[in-house]
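Asks: Please find model.txt (compact mmCIF, N, CA and C atoms) on the next line:
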```txt
# COMPACT_ATOMS: atom_id res chain seq x y z
N MET A 1 -28.31 -36.80 -15.18
CA MET A 1 -27.17 -35.92 -15.35
C MET A 1 -26.98 -35.71 -16.84
N GLY A 2 -26.87 -34.45 -17.25
CA GLY A 2 -26.64 -34.14 -18.64
C GLY A 2 -25.19 -34.36 -19.02
N SER A 3 -24.96 -34.63 -20.30
CA SER A 3 -23.59 -34.88 -20.74
C SER A 3 -22.72 -33.64 -20.66
N ASN A 4 -23.36 -32.47 -20.61
CA ASN A 4 -22.61 -31.21 -20.53
C ASN A 4 -22.54 -30.66 -19.10
N ASP A 5 -22.95 -31.45 -18.13
CA ASP A 5 -22.97 -31.01 -16.74
C ASP A 5 -21.55 -31.08 -16.17
N PRO A 6 -20.89 -29.90 -15.96
CA PRO A 6 -19.52 -29.92 -15.47
C PRO A 6 -19.39 -30.41 -14.03
N THR A 7 -20.51 -30.40 -13.27
CA THR A 7 -20.43 -30.82 -11.87
C THR A 7 -20.47 -32.33 -11.74
N ARG A 8 -20.97 -33.02 -12.76
CA ARG A 8 -21.13 -34.48 -12.74
C ARG A 8 -21.98 -34.91 -11.54
N ASP A 9 -22.93 -34.04 -11.17
CA ASP A 9 -23.79 -34.31 -10.03
C ASP A 9 -25.00 -35.09 -10.52
N ASP A 10 -25.07 -36.37 -10.21
CA ASP A 10 -26.18 -37.18 -10.68
C ASP A 10 -27.18 -37.49 -9.57
N ARG A 11 -27.15 -36.73 -8.51
CA ARG A 11 -28.09 -36.96 -7.41
C ARG A 11 -29.48 -36.46 -7.73
N GLY A 12 -29.62 -35.62 -8.75
CA GLY A 12 -30.93 -35.14 -9.15
C GLY A 12 -31.37 -33.88 -8.44
N SER A 13 -30.84 -33.60 -7.27
CA SER A 13 -31.28 -32.42 -6.53
C SER A 13 -30.50 -31.19 -6.94
N GLY A 14 -29.33 -31.36 -7.52
CA GLY A 14 -28.52 -30.22 -7.89
C GLY A 14 -27.90 -29.52 -6.71
N THR A 15 -27.86 -30.16 -5.55
CA THR A 15 -27.33 -29.51 -4.36
C THR A 15 -25.84 -29.76 -4.24
N LEU A 16 -25.09 -28.74 -4.46
CA LEU A 16 -23.66 -28.75 -4.21
C LEU A 16 -23.36 -27.58 -3.29
N LEU A 17 -22.50 -27.77 -2.34
CA LEU A 17 -22.18 -26.67 -1.45
C LEU A 17 -21.48 -25.57 -2.23
N PRO A 18 -21.79 -24.31 -1.91
CA PRO A 18 -21.16 -23.23 -2.64
C PRO A 18 -19.69 -23.12 -2.28
N GLN A 19 -18.94 -22.58 -3.20
CA GLN A 19 -17.55 -22.29 -2.88
C GLN A 19 -17.55 -21.13 -1.90
N ARG A 20 -16.80 -21.23 -0.85
CA ARG A 20 -16.73 -20.15 0.13
C ARG A 20 -15.65 -19.17 -0.31
N PHE A 21 -16.04 -17.95 -0.56
CA PHE A 21 -15.10 -16.93 -0.98
C PHE A 21 -14.66 -16.13 0.22
N THR A 22 -13.47 -15.58 0.15
CA THR A 22 -13.00 -14.71 1.21
C THR A 22 -12.43 -13.44 0.61
N PHE A 23 -12.39 -12.42 1.39
CA PHE A 23 -11.79 -11.15 1.00
C PHE A 23 -10.53 -10.99 1.83
N GLY A 24 -9.38 -11.19 1.25
CA GLY A 24 -8.13 -10.98 1.98
C GLY A 24 -8.09 -11.84 3.23
N THR A 25 -7.86 -11.21 4.37
CA THR A 25 -7.80 -11.96 5.62
C THR A 25 -9.10 -11.77 6.38
N ILE A 26 -9.59 -12.82 6.97
CA ILE A 26 -10.81 -12.76 7.77
C ILE A 26 -10.41 -12.85 9.22
N THR A 27 -10.92 -11.94 10.01
CA THR A 27 -10.61 -11.94 11.44
C THR A 27 -11.91 -12.14 12.21
N GLY A 28 -12.52 -13.31 12.06
CA GLY A 28 -13.73 -13.63 12.80
C GLY A 28 -15.01 -13.21 12.11
N VAL A 29 -14.99 -12.10 11.39
CA VAL A 29 -16.15 -11.65 10.62
C VAL A 29 -15.68 -11.32 9.22
N LEU A 30 -16.62 -11.23 8.30
CA LEU A 30 -16.27 -10.91 6.93
C LEU A 30 -15.89 -9.44 6.84
N LYS A 31 -14.73 -9.18 6.30
CA LYS A 31 -14.30 -7.81 6.06
C LYS A 31 -13.83 -7.74 4.62
N ALA A 32 -14.25 -6.72 3.93
CA ALA A 32 -13.88 -6.60 2.53
C ALA A 32 -13.44 -5.19 2.24
N LYS A 33 -12.47 -5.10 1.39
CA LYS A 33 -12.04 -3.80 0.93
C LYS A 33 -12.74 -3.51 -0.38
N VAL A 34 -13.23 -2.31 -0.51
CA VAL A 34 -13.95 -1.94 -1.72
C VAL A 34 -13.06 -2.12 -2.95
N ALA A 35 -11.78 -1.94 -2.80
CA ALA A 35 -10.85 -2.10 -3.93
C ALA A 35 -10.88 -3.52 -4.49
N GLU A 36 -11.30 -4.51 -3.69
CA GLU A 36 -11.35 -5.89 -4.14
C GLU A 36 -12.65 -6.23 -4.85
N LEU A 37 -13.59 -5.29 -4.90
CA LEU A 37 -14.87 -5.53 -5.55
C LEU A 37 -14.78 -5.18 -7.03
N SER A 38 -15.57 -5.89 -7.82
CA SER A 38 -15.65 -5.54 -9.24
C SER A 38 -16.46 -4.26 -9.37
N TYR A 39 -16.42 -3.67 -10.55
CA TYR A 39 -17.22 -2.46 -10.79
C TYR A 39 -18.70 -2.76 -10.58
N ALA A 40 -19.17 -3.90 -11.09
CA ALA A 40 -20.58 -4.28 -10.96
C ALA A 40 -20.97 -4.42 -9.49
N GLU A 41 -20.08 -4.99 -8.68
CA GLU A 41 -20.36 -5.15 -7.25
C GLU A 41 -20.41 -3.81 -6.54
N ARG A 42 -19.50 -2.91 -6.89
CA ARG A 42 -19.52 -1.56 -6.29
C ARG A 42 -20.81 -0.83 -6.66
N LEU A 43 -21.24 -0.99 -7.90
CA LEU A 43 -22.48 -0.35 -8.34
C LEU A 43 -23.68 -0.89 -7.56
N LEU A 44 -23.71 -2.20 -7.34
CA LEU A 44 -24.79 -2.82 -6.56
C LEU A 44 -24.81 -2.27 -5.14
N ILE A 45 -23.66 -2.23 -4.50
CA ILE A 45 -23.59 -1.75 -3.11
C ILE A 45 -24.02 -0.28 -3.04
N TRP A 46 -23.55 0.53 -3.99
CA TRP A 46 -23.95 1.94 -4.02
C TRP A 46 -25.47 2.06 -4.11
N ARG A 47 -26.09 1.30 -5.02
CA ARG A 47 -27.54 1.39 -5.21
C ARG A 47 -28.28 0.95 -3.95
N ARG A 48 -27.84 -0.15 -3.33
CA ARG A 48 -28.52 -0.64 -2.14
C ARG A 48 -28.38 0.35 -0.99
N ARG A 49 -27.20 0.94 -0.82
CA ARG A 49 -27.02 1.93 0.25
C ARG A 49 -27.85 3.18 0.01
N SER A 50 -28.02 3.54 -1.25
CA SER A 50 -28.79 4.73 -1.60
C SER A 50 -30.28 4.52 -1.46
N GLY A 51 -30.70 3.26 -1.36
CA GLY A 51 -32.12 2.96 -1.22
C GLY A 51 -32.88 3.03 -2.53
N HIS A 52 -32.16 2.98 -3.65
CA HIS A 52 -32.80 3.05 -4.96
C HIS A 52 -33.11 1.67 -5.49
N ASN A 53 -34.19 1.58 -6.29
CA ASN A 53 -34.38 0.37 -7.07
C ASN A 53 -33.61 0.56 -8.37
N GLN A 54 -33.58 -0.47 -9.21
CA GLN A 54 -32.78 -0.37 -10.44
C GLN A 54 -33.31 0.69 -11.39
N THR A 55 -34.61 0.90 -11.43
CA THR A 55 -35.18 1.93 -12.30
C THR A 55 -34.71 3.31 -11.89
N MET A 56 -34.74 3.59 -10.58
CA MET A 56 -34.30 4.89 -10.08
C MET A 56 -32.80 5.09 -10.32
N ALA A 57 -32.01 4.05 -10.05
CA ALA A 57 -30.56 4.15 -10.25
C ALA A 57 -30.24 4.35 -11.73
N ALA A 58 -30.97 3.69 -12.60
CA ALA A 58 -30.75 3.85 -14.04
C ALA A 58 -30.97 5.30 -14.47
N LYS A 59 -32.00 5.93 -13.94
CA LYS A 59 -32.27 7.33 -14.26
C LYS A 59 -31.13 8.22 -13.78
N LEU A 60 -30.62 7.92 -12.60
CA LEU A 60 -29.52 8.73 -12.04
C LEU A 60 -28.25 8.65 -12.87
N VAL A 61 -27.98 7.49 -13.45
CA VAL A 61 -26.75 7.34 -14.24
C VAL A 61 -27.00 7.55 -15.73
N GLY A 62 -28.27 7.80 -16.11
CA GLY A 62 -28.58 8.16 -17.48
C GLY A 62 -28.65 7.02 -18.48
N VAL A 63 -29.11 5.85 -18.02
CA VAL A 63 -29.28 4.70 -18.91
C VAL A 63 -30.65 4.11 -18.68
N CYS A 64 -31.09 3.24 -19.59
CA CYS A 64 -32.37 2.55 -19.38
C CYS A 64 -32.18 1.46 -18.32
N ARG A 65 -33.30 1.00 -17.75
CA ARG A 65 -33.23 0.02 -16.68
C ARG A 65 -32.58 -1.28 -17.13
N ASN A 66 -32.85 -1.73 -18.34
CA ASN A 66 -32.24 -2.97 -18.83
C ASN A 66 -30.73 -2.86 -18.90
N THR A 67 -30.24 -1.71 -19.36
CA THR A 67 -28.80 -1.49 -19.42
C THR A 67 -28.22 -1.48 -18.02
N TYR A 68 -28.91 -0.80 -17.10
CA TYR A 68 -28.43 -0.74 -15.72
C TYR A 68 -28.36 -2.14 -15.11
N THR A 69 -29.38 -2.95 -15.35
CA THR A 69 -29.38 -4.32 -14.84
C THR A 69 -28.16 -5.07 -15.35
N ARG A 70 -27.87 -4.93 -16.64
CA ARG A 70 -26.69 -5.60 -17.21
C ARG A 70 -25.40 -5.06 -16.60
N MET A 71 -25.38 -3.77 -16.25
CA MET A 71 -24.20 -3.19 -15.60
C MET A 71 -23.96 -3.84 -14.25
N GLU A 72 -25.03 -4.03 -13.46
CA GLU A 72 -24.89 -4.66 -12.14
C GLU A 72 -24.49 -6.12 -12.24
N LEU A 73 -24.86 -6.76 -13.33
CA LEU A 73 -24.49 -8.16 -13.53
C LEU A 73 -23.09 -8.30 -14.11
N GLY A 74 -22.50 -7.19 -14.53
CA GLY A 74 -21.17 -7.22 -15.14
C GLY A 74 -21.19 -7.54 -16.61
N ASP A 75 -22.40 -7.56 -17.21
CA ASP A 75 -22.52 -7.88 -18.63
C ASP A 75 -22.35 -6.65 -19.52
N GLU A 76 -22.52 -5.48 -18.95
CA GLU A 76 -22.39 -4.23 -19.71
C GLU A 76 -21.20 -3.47 -19.16
N THR A 77 -20.11 -3.46 -19.91
CA THR A 77 -18.89 -2.81 -19.41
C THR A 77 -18.52 -1.55 -20.20
N ARG A 78 -19.29 -1.23 -21.24
CA ARG A 78 -18.97 -0.04 -22.04
C ARG A 78 -19.29 1.24 -21.28
N ILE A 79 -20.27 1.18 -20.38
CA ILE A 79 -20.71 2.35 -19.63
C ILE A 79 -20.33 2.14 -18.17
N GLN A 80 -19.54 3.05 -17.62
CA GLN A 80 -19.17 2.93 -16.22
C GLN A 80 -19.24 4.30 -15.55
N PRO A 81 -20.43 4.67 -15.04
CA PRO A 81 -20.53 5.94 -14.34
C PRO A 81 -19.68 5.92 -13.07
N ILE A 82 -19.36 7.06 -12.59
CA ILE A 82 -18.55 7.17 -11.37
C ILE A 82 -19.39 6.75 -10.18
N VAL A 83 -18.86 5.83 -9.40
CA VAL A 83 -19.52 5.37 -8.18
C VAL A 83 -18.84 6.08 -7.02
N PRO A 84 -19.62 6.73 -6.16
CA PRO A 84 -19.01 7.43 -5.01
C PRO A 84 -18.21 6.48 -4.13
N TYR A 85 -17.32 7.06 -3.33
CA TYR A 85 -16.52 6.28 -2.38
C TYR A 85 -17.46 5.55 -1.43
N LEU A 86 -17.22 4.27 -1.22
CA LEU A 86 -18.10 3.46 -0.39
C LEU A 86 -17.55 3.15 0.99
N GLY A 87 -16.25 3.27 1.19
CA GLY A 87 -15.68 2.88 2.47
C GLY A 87 -15.68 1.37 2.62
N GLU A 88 -15.67 0.89 3.85
CA GLU A 88 -15.67 -0.56 4.10
C GLU A 88 -17.07 -1.13 3.95
N LEU A 89 -17.11 -2.39 3.57
CA LEU A 89 -18.39 -3.08 3.47
C LEU A 89 -18.88 -3.46 4.86
N TYR A 90 -20.19 -3.40 5.03
CA TYR A 90 -20.81 -3.93 6.23
C TYR A 90 -20.90 -5.45 6.07
N ASP A 91 -21.05 -6.16 7.17
CA ASP A 91 -21.10 -7.62 7.11
C ASP A 91 -22.22 -8.10 6.19
N ASN A 92 -23.41 -7.49 6.29
CA ASN A 92 -24.52 -7.93 5.45
C ASN A 92 -24.22 -7.71 3.97
N GLU A 93 -23.51 -6.65 3.62
CA GLU A 93 -23.14 -6.38 2.23
C GLU A 93 -22.12 -7.40 1.73
N ALA A 94 -21.16 -7.74 2.59
CA ALA A 94 -20.18 -8.75 2.21
C ALA A 94 -20.88 -10.08 1.95
N CYS A 95 -21.89 -10.40 2.74
CA CYS A 95 -22.64 -11.64 2.53
C CYS A 95 -23.36 -11.64 1.19
N VAL A 96 -23.89 -10.49 0.80
CA VAL A 96 -24.56 -10.38 -0.51
C VAL A 96 -23.55 -10.67 -1.62
N ILE A 97 -22.36 -10.08 -1.51
CA ILE A 97 -21.33 -10.27 -2.53
C ILE A 97 -20.90 -11.73 -2.58
N LEU A 98 -20.71 -12.34 -1.41
CA LEU A 98 -20.31 -13.74 -1.37
C LEU A 98 -21.37 -14.64 -1.99
N ARG A 99 -22.63 -14.36 -1.70
CA ARG A 99 -23.70 -15.17 -2.28
C ARG A 99 -23.75 -15.01 -3.79
N ARG A 100 -23.63 -13.79 -4.27
CA ARG A 100 -23.66 -13.56 -5.72
C ARG A 100 -22.49 -14.24 -6.40
N ARG A 101 -21.31 -14.18 -5.79
CA ARG A 101 -20.13 -14.83 -6.38
C ARG A 101 -20.28 -16.35 -6.40
N SER A 102 -20.99 -16.89 -5.43
CA SER A 102 -21.18 -18.34 -5.38
C SER A 102 -22.20 -18.80 -6.41
N GLY A 103 -23.02 -17.86 -6.90
CA GLY A 103 -24.05 -18.21 -7.86
C GLY A 103 -25.32 -18.77 -7.22
N TRP A 104 -25.41 -18.67 -5.90
CA TRP A 104 -26.56 -19.21 -5.20
C TRP A 104 -27.65 -18.16 -5.06
N PRO A 105 -28.92 -18.54 -5.29
CA PRO A 105 -30.03 -17.63 -5.00
C PRO A 105 -30.31 -17.64 -3.50
N GLN A 106 -31.06 -16.66 -3.04
CA GLN A 106 -31.37 -16.57 -1.61
C GLN A 106 -32.08 -17.82 -1.10
N TRP A 107 -32.98 -18.39 -1.90
CA TRP A 107 -33.72 -19.56 -1.41
C TRP A 107 -32.79 -20.73 -1.11
N ARG A 108 -31.70 -20.87 -1.87
CA ARG A 108 -30.77 -21.98 -1.65
C ARG A 108 -29.99 -21.76 -0.35
N VAL A 109 -29.57 -20.53 -0.10
CA VAL A 109 -28.88 -20.22 1.15
C VAL A 109 -29.82 -20.48 2.32
N ALA A 110 -31.07 -20.04 2.18
CA ALA A 110 -32.06 -20.25 3.24
C ALA A 110 -32.26 -21.73 3.52
N GLU A 111 -32.34 -22.52 2.47
CA GLU A 111 -32.52 -23.96 2.62
C GLU A 111 -31.35 -24.58 3.38
N GLU A 112 -30.13 -24.20 3.04
CA GLU A 112 -28.95 -24.73 3.71
C GLU A 112 -28.87 -24.28 5.16
N MET A 113 -29.37 -23.07 5.44
CA MET A 113 -29.33 -22.55 6.81
C MET A 113 -30.51 -23.01 7.65
N GLY A 114 -31.52 -23.57 7.00
CA GLY A 114 -32.70 -24.02 7.73
C GLY A 114 -33.62 -22.88 8.15
N ILE A 115 -33.63 -21.80 7.37
CA ILE A 115 -34.49 -20.65 7.65
C ILE A 115 -35.23 -20.30 6.36
N SER A 116 -36.13 -19.33 6.43
CA SER A 116 -36.88 -18.94 5.24
C SER A 116 -36.07 -17.94 4.41
N ARG A 117 -36.41 -17.86 3.12
CA ARG A 117 -35.76 -16.90 2.24
C ARG A 117 -36.02 -15.48 2.73
N PHE A 118 -37.18 -15.25 3.32
CA PHE A 118 -37.51 -13.93 3.87
C PHE A 118 -36.42 -13.46 4.83
N TRP A 119 -35.97 -14.35 5.72
CA TRP A 119 -34.97 -13.95 6.71
C TRP A 119 -33.59 -13.75 6.09
N VAL A 120 -33.25 -14.52 5.07
CA VAL A 120 -32.00 -14.28 4.36
C VAL A 120 -32.05 -12.90 3.74
N ASN A 121 -33.17 -12.57 3.11
CA ASN A 121 -33.35 -11.26 2.49
C ASN A 121 -33.24 -10.15 3.53
N GLN A 122 -33.89 -10.32 4.67
CA GLN A 122 -33.85 -9.31 5.73
C GLN A 122 -32.43 -9.10 6.25
N MET A 123 -31.69 -10.20 6.41
CA MET A 123 -30.30 -10.09 6.87
C MET A 123 -29.43 -9.40 5.82
N GLU A 124 -29.61 -9.75 4.54
CA GLU A 124 -28.81 -9.14 3.49
C GLU A 124 -29.11 -7.65 3.34
N LEU A 125 -30.34 -7.25 3.60
CA LEU A 125 -30.71 -5.83 3.52
C LEU A 125 -30.30 -5.04 4.76
N GLY A 126 -29.89 -5.75 5.81
CA GLY A 126 -29.49 -5.08 7.04
C GLY A 126 -30.65 -4.79 7.97
N TYR A 127 -31.82 -5.37 7.70
CA TYR A 127 -33.00 -5.17 8.55
C TYR A 127 -33.03 -6.15 9.71
N ALA A 128 -32.27 -7.22 9.63
CA ALA A 128 -32.17 -8.21 10.71
C ALA A 128 -30.69 -8.48 10.96
N ASP A 129 -30.39 -8.91 12.17
CA ASP A 129 -29.02 -9.23 12.55
C ASP A 129 -28.45 -10.28 11.60
N ALA A 130 -27.30 -9.99 11.01
CA ALA A 130 -26.71 -10.86 9.99
C ALA A 130 -25.69 -11.85 10.55
N ASN A 131 -25.58 -11.98 11.88
CA ASN A 131 -24.57 -12.86 12.45
C ASN A 131 -24.69 -14.30 11.97
N LYS A 132 -25.91 -14.81 11.85
CA LYS A 132 -26.10 -16.18 11.39
C LYS A 132 -25.66 -16.33 9.93
N LEU A 133 -25.92 -15.31 9.13
CA LEU A 133 -25.50 -15.31 7.73
C LEU A 133 -23.98 -15.22 7.61
N VAL A 134 -23.39 -14.37 8.43
CA VAL A 134 -21.92 -14.27 8.45
C VAL A 134 -21.31 -15.61 8.83
N GLY A 135 -21.89 -16.28 9.83
CA GLY A 135 -21.41 -17.59 10.24
C GLY A 135 -21.52 -18.61 9.11
N PHE A 136 -22.59 -18.54 8.34
CA PHE A 136 -22.77 -19.44 7.22
C PHE A 136 -21.64 -19.27 6.21
N TRP A 137 -21.32 -18.03 5.86
CA TRP A 137 -20.28 -17.78 4.86
C TRP A 137 -18.87 -17.95 5.40
N ASN A 138 -18.71 -17.89 6.73
CA ASN A 138 -17.39 -18.11 7.32
C ASN A 138 -17.08 -19.58 7.53
N GLU A 139 -18.08 -20.47 7.37
CA GLU A 139 -17.85 -21.91 7.54
C GLU A 139 -16.89 -22.42 6.49
N GLY A 140 -16.25 -23.48 6.79
CA GLY A 140 -15.41 -24.17 5.80
C GLY A 140 -14.18 -23.47 5.59
```
How would this structure read if it were set down as structure tokens?
Replies:
Amino acid sequence: MGSNDPTRDDRGSGTLLPQRFTFGTITGVLKAKVAELSYAERLLIWRRRSGHNQTMAAKLVGVCRNTYTRMELGDETRIQPIVPYLGELYDNEACVILRRRSGWPQWRVAEEMGISRFWVNQMELGYADANKLVGFWNEG
């Protein structure tokens, strides 16, 4: 354990359960209002729904890919292009936001769920049923 380790986790594995985030009230499934998302999160959801990679999205908003990446991470706040209205989040999108807010990579979620990272990715993209992922984030 390092002297600057705020978790004081000396188990060596670095495994701490993620903080479970919620959006307002949960009624059995994750529901989120777009108004509760940060600008960076709205930009990410817009890009994923549009089917663009970061390079394509960067061209659409008129910035280089590195700048766009920083925008999605919330590190670049000087440039904020208009993001179209998104409506309500789908369950798989809410799971992506929850995972990003927890700071966990997909492989860590997969490990905790006992599945492969491939399936976490498929659920987050909406290509596979996300009920198991929703259940994971609704625990606790």
Asks: Compare A:Gln80, A:Thr67, A:Asn92, A:Thr55 by their minimum atom-to-atom distance to Gly126 (chain A), counting only C-alpha atoms, and give me the closest one.
Replies: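 Checking each candidate against Gly126 (chain A), we get A:Asn92 as the closest.
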Asks: May I ask for the distance between CA of Asp129 (chain A) and atom C of Arg49 (chain A), given in Å to one decimal place?
Replies: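 These atoms are spaced 17.7 Å apart.
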Asks: Identify which of the residues A:Gly103, A:Gly114, A:Gly135, A:Pro84 lies closest to Arg42 (chain A), counting only N, CA and C atoms when measuring atom-to-atom distances.
Replies: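 Closest candidate: A:Pro84.
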Asks: Can you work out the spacing between CA of Leu98 (chain A) and atom C of Trp137 (chain A) in Å, to one decimal?
Replies: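 Taking CA of Leu98 (chain A) and atom C of Trp137 (chain A), their separation equals 8.1 Å.
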Asks: Which residue is closest to Glu76 (chain A)? Choose from A:Phe136, A:Tyr127, A:Tyr39, A:Trp119 and count only C-alpha atoms.
Replies: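 Once distances to Glu76 (chain A) are computed over only C-alpha atoms, the minimum belongs to A:Tyr39.
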Asks: Hey, which of A:Ala40, A:Val120, A:Ile45, A:Leu60 ends up closest to Leu73 (chain A)? Count only N, CA and C atoms.
Replies: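 Ranked by minimum distance to Leu73 (chain A), first place goes to A:Ala40.
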Asks: Going by DSSP on the backbone, which bits of region 50-134 of chain A are helix (DSSP H, G or I)? Write them as a count of residues only, please.
Replies: 51
Asks: Give me, please, the distance in Å between atom C of Arg117 (chain A) and CA of Met56 (chain A), quoted to one decimal.
Replies: 24.1 Å
Asks: Env of Ala57 (chain A): 8 Å cut, atoms = only C-alpha atoms, seq-sep filter 4 positions within chain, self excluded. Answer as a PyMOL selection string.
Replies: chain A and resi 47+52-53+61+68
Asks: Quick one: residues within 12 Å of (-30.8, -23.2, 2.3) (file frame), counting only C-alpha atoms, please, as number ranges by chain.
Replies: A: 15-18, 99, 104-120, 133, 136
